[in-house]
Number of protein chains: 2
Amino acid sequence: MGEKRLDRARAVFVDGMGTASATSGVLSQLQGRIFAILYLEDHPLSLDEIAEALQQSKSNISTNIRGLVEWHLVRRVAVRGSRKDHYQAADDFWRVMQEIMERRFRWNIRQVIAACDETGRAAESAGATSRAERVFVQRRLQALRAFAAAVDAGIEAFARGETIAPTSLQKIQVLPGESGKSR
Amino acid sequence: MGEKRLDRARAVFVDGMGTASATSGVLSQLQGRIFAILYLEDHPLSLDEIAEALQQSKSNISTNIRGLVEWHLVRRVAVRGSRKDHYQAADDFWRVMQEIMERRFRWNIRQVIAACDETGRAAESAGATSRAERVFVQRRLQALRAFAAAVDAGIEAFARGETIAPTSLQKIQVLPGESGKSR
DNA sequence: CAAAACGTTCAGAATATTCTAAACATAGAG
DNA sequence: CTCTATGTTTAGAATATTCTGAACGTTTTG
């Protein structure tokens, strides 16, 4: 009964991590489940073992595990005596977080900055439009850009292990003279 | 040509924010586009105007805009002389960020904590299993839980506007005596 | 070298998500 | 009270994503 119970516990973990991952915006549900299986195992597992444990095709595991390795959540390790690739859950969560902050959140926030910049450039030469309208658009773009840039800097600092004062973000809100116009 | 150019610029912004939102894990692409349209407009728009601008059905706009309002990214405002609902982009990005941190990230991280707790409880009574195995599982769960709890606390502090030292996260890694075992 | 054991790629099946138009509900106008 | 204008819900269509099994390429084994 002991083994059964432990396996039952593992299933709880796999399910929990799966649903958590599914809503994370970073990992798919299956990736969460793969990680969960590996994390509670004290030895590396092969692709087939994972596929068996999760009742998924080997190809599906193969493609999904790649993402986990890229996020440094899982390591591919060699197991002597076996030709198969084996995988092991990583335990340096801080490293993983840095990776996610850098490659996901910052990358995303930079998209916003880029959009503001591009749009600003495109709007610059909108000749016949009323001056007031152009000014309005540029102000808004500037406000969003400033906020995004502050967030970007904040994430960078955080990822570097530096101290952050979120107050700098709170200040960046509406530009002077703007709030009256929009309502 | 001026108007055309400005509209072209708006399209750039709508597209940019759309793709950024699509990969954000928080907003859908359409939600990003709706926000973009509203953000560059100096007066509130009705559902139909938004639907027209984005070439989407009114019902689709209706359902998607609800999420934007919930995140406080868009406000529903009354426009005198019209019975229609009108919507306006919010400009308090810091508030929005707090909202997202609280209701999305923290909620997500709590799922992980809950999974660890549930699993720990379920594994507790795994009688016949070897003691070493049970200890191993509990240690791992504890390590993940500790990290998640630290992240949770960090986000909370950040959302409150307090200063954060990410160092506290870096310390939480592998528990003593653990790292040797797993490899 | 041939055969087997792998991991990966890919076309299509299975599934989930997003979108639309119609039905519905509610409130205001006449 | 009836008719109209409006936002929401919903069933099904359109689309996108995830998953599988077969095909493929590579490496190891005999």
# chains A, B, ... in the order shown; residues from 1 in each chain; ligands from 1

$ residues_around --residues "DT15 (chain D)" --least-positions-apart "6" --cutoff "10 Å" --atoms "only C-alpha atoms (C1' of nucleotides)" --output "PyMOL selection string"
chain C and resi 17-19

$ write_last_selection --atoms "N, CA and C atoms (P, O5', C5', C4', C3', O3' and C1' of nucleotides)" --output "PDB file, in the first residue's frame"
ATOM      1  P    DT C  17      -8.864  25.563 -24.220  1.00  0.00           P
ATOM      2  O5'  DT C  17      -8.916  26.797 -25.218  1.00  0.00           O
ATOM      3  C5'  DT C  17      -7.846  26.981 -26.122  1.00  0.00           C
ATOM      4  C4'  DT C  17      -8.275  27.907 -27.236  1.00  0.00           C
ATOM      5  C3'  DT C  17      -9.036  29.152 -26.780  1.00  0.00           C
ATOM      6  O3'  DT C  17      -8.264  30.255 -27.196  1.00  0.00           O
ATOM      7  C1'  DT C  17     -10.085  28.128 -28.647  1.00  0.00           C
ATOM      8  P    DT C  18      -8.723  31.761 -26.802  1.00  0.00           P
ATOM      9  O5'  DT C  18      -9.462  32.204 -28.154  1.00  0.00           O
ATOM     10  C5'  DT C  18      -8.769  32.059 -29.368  1.00  0.00           C
ATOM     11  C4'  DT C  18      -9.684  32.445 -30.512  1.00  0.00           C
ATOM     12  C3'  DT C  18     -10.420  33.764 -30.321  1.00  0.00           C
ATOM     13  O3'  DT C  18     -10.261  34.470 -31.542  1.00  0.00           O
ATOM     14  C1'  DT C  18     -11.945  32.076 -30.887  1.00  0.00           C
ATOM     15  P    DC C  19     -10.689  35.988 -31.716  1.00  0.00           P
ATOM     16  O5'  DC C  19     -12.044  35.852 -32.544  1.00  0.00           O
ATOM     17  C5'  DC C  19     -11.963  35.319 -33.859  1.00  0.00           C
ATOM     18  C4'  DC C  19     -13.362  35.008 -34.341  1.00  0.00           C
ATOM     19  C3'  DC C  19     -14.327  36.183 -34.292  1.00  0.00           C
ATOM     20  O3'  DC C  19     -14.596  36.595 -35.620  1.00  0.00           O
ATOM     21  C1'  DC C  19     -15.327  34.136 -33.547  1.00  0.00           C
TER      22       DC C  19
END

$ select_by_dssp --residues "region 84-162 of chain A" --states "strand (DSSP E)" --output "ChimeraX atom specification"
/A:85-89

$ write_last_selection --atoms "N, CA and C atoms" --output "short mmCIF file (atom, residue, chain, number, x, y, z; two decimals), in the first residue's frame"
data_model
loop_
_atom_site.label_atom_id
_atom_site.label_comp_id
_atom_site.auth_asym_id
_atom_site.auth_seq_id
_atom_site.Cartn_x
_atom_site.Cartn_y
_atom_site.Cartn_z
N ASP A 85 18.62 9.13 -23.92
CA ASP A 85 18.72 10.39 -23.21
C ASP A 85 17.95 10.27 -21.91
N HIS A 86 18.50 10.83 -20.88
CA HIS A 86 17.77 10.85 -19.62
C HIS A 86 17.62 12.29 -19.15
N TYR A 87 16.56 12.51 -18.43
CA TYR A 87 16.25 13.88 -18.00
C TYR A 87 16.04 13.94 -16.50
N GLN A 88 16.40 15.09 -15.98
CA GLN A 88 16.40 15.30 -14.54
C GLN A 88 15.87 16.70 -14.28
N ALA A 89 15.05 16.85 -13.26
CA ALA A 89 14.57 18.19 -12.92
C ALA A 89 15.70 19.02 -12.34
#

$ residues_around --residues "region 122-135 of chain A" --least-positions-apart "6" --cutoff "10 Å" --atoms "only C-alpha atoms (C1' of nucleotides)" --output "ChimeraX atom specification"
/A:116,141 /B:1-13,40-42

$ closest_atom_pairs --of "region 27-91 of chain A" --to "region 19-22 of chain A" --cutoff "7 Å" --atoms "only C-alpha atoms" --output "CSV"
residue,atom,partner,partner_atom,distance
A:Leu27,CA,A:Ser21,CA,5.2
A:Ser28,CA,A:Ala22,CA,5.0
A:Gln29,CA,A:Ala22,CA,4.2
A:Gly32,CA,A:Ser21,CA,5.1

$ interface_residues --of "chain A" --to "chain D" --cutoff "9 Å" --atoms "only C-alpha atoms (C1' of nucleotides)" --output "list in words"
Gln56, Ser57, Ser59, Asn60 and Arg83 of chain A

$ write_last_selection --atoms "C-alpha atoms" --output "PDB file, in the first residue's frame"
ATOM      1  CA  GLN A  56       1.666  10.463 -23.961  1.00  0.00           C
ATOM      2  CA  SER A  57       3.424   9.661 -27.167  1.00  0.00           C
ATOM      3  CA  SER A  59       7.246  12.401 -29.850  1.00  0.00           C
ATOM      4  CA  ASN A  60       5.026  14.656 -27.809  1.00  0.00           C
ATOM      5  CA  ARG A  83      22.052   4.868 -24.876  1.00  0.00           C
TER       6      ARG A  83
END

$ closest_atom_pairs --of "region 82-126 of chain A" --to "region 152-169 of chain B" --cutoff "10 Å" --atoms "only C-alpha atoms" --output "tab-separated table"
residue	atom	partner	partner_atom	distance
A:Phe93	CA	B:Leu169	CA	8.8
A:Trp94	CA	B:Leu169	CA	6.6
A:Met97	CA	B:Leu169	CA	9.7

$ select_by_dssp --residues "region 20-178 of chain B" --states "helix (DSSP H, G or I)" --output "PyMOL selection string"
chain B and resi 20-22+29-39+47-54+58-70+93-124+131-159+167-171

$ decode --residues "chain D" --atoms "C-alpha atoms (C1' of nucleotides)" --output "PDB file, in the first residue's frame"
ATOM      1  C1'  DC D   1     -47.978  49.203 -23.938  1.00  0.00           C
ATOM      2  C1'  DT D   2     -45.391  48.517 -28.086  1.00  0.00           C
ATOM      3  C1'  DC D   3     -41.519  49.218 -30.693  1.00  0.00           C
ATOM      4  C1'  DT D   4     -36.698  50.189 -30.976  1.00  0.00           C
ATOM      5  C1'  DA D   5     -32.013  50.363 -29.508  1.00  0.00           C
ATOM      6  C1'  DT D   6     -28.807  48.234 -27.088  1.00  0.00           C
ATOM      7  C1'  DG D   7     -25.606  44.616 -24.576  1.00  0.00           C
ATOM      8  C1'  DT D   8     -25.170  39.679 -23.563  1.00  0.00           C
ATOM      9  C1'  DT D   9     -25.569  34.754 -24.151  1.00  0.00           C
ATOM     10  C1'  DT D  10     -25.202  30.799 -26.906  1.00  0.00           C
ATOM     11  C1'  DA D  11     -24.889  27.210 -30.561  1.00  0.00           C
ATOM     12  C1'  DG D  12     -22.301  26.202 -34.045  1.00  0.00           C
ATOM     13  C1'  DA D  13     -18.599  27.588 -37.622  1.00  0.00           C
ATOM     14  C1'  DA D  14     -13.894  28.842 -38.301  1.00  0.00           C
ATOM     15  C1'  DT D  15      -9.414  28.597 -36.777  1.00  0.00           C
ATOM     16  C1'  DA D  16      -5.463  27.361 -34.047  1.00  0.00           C
ATOM     17  C1'  DT D  17      -3.181  24.209 -31.085  1.00  0.00           C
ATOM     18  C1'  DT D  18      -1.781  19.828 -29.407  1.00  0.00           C
ATOM     19  C1'  DC D  19      -1.061  15.165 -30.060  1.00  0.00           C
ATOM     20  C1'  DT D  20      -0.061  10.759 -32.494  1.00  0.00           C
ATOM     21  C1'  DG D  21       2.056   7.322 -35.406  1.00  0.00           C
ATOM     22  C1'  DA D  22       4.762   6.741 -39.246  1.00  0.00           C
ATOM     23  C1'  DA D  23       8.813   8.082 -41.746  1.00  0.00           C
ATOM     24  C1'  DC D  24      13.358   9.548 -41.397  1.00  0.00           C
ATOM     25  C1'  DG D  25      18.205  10.167 -40.039  1.00  0.00           C
ATOM     26  C1'  DT D  26      21.810   9.058 -36.939  1.00  0.00           C
ATOM     27  C1'  DT D  27      24.463   6.375 -33.874  1.00  0.00           C
ATOM     28  C1'  DT D  28      25.614   2.116 -31.746  1.00  0.00           C
ATOM     29  C1'  DT D  29      25.961  -2.865 -31.762  1.00  0.00           C
ATOM     30  C1'  DG D  30      26.958  -7.247 -33.390  1.00  0.00           C
TER      31       DG D  30
END
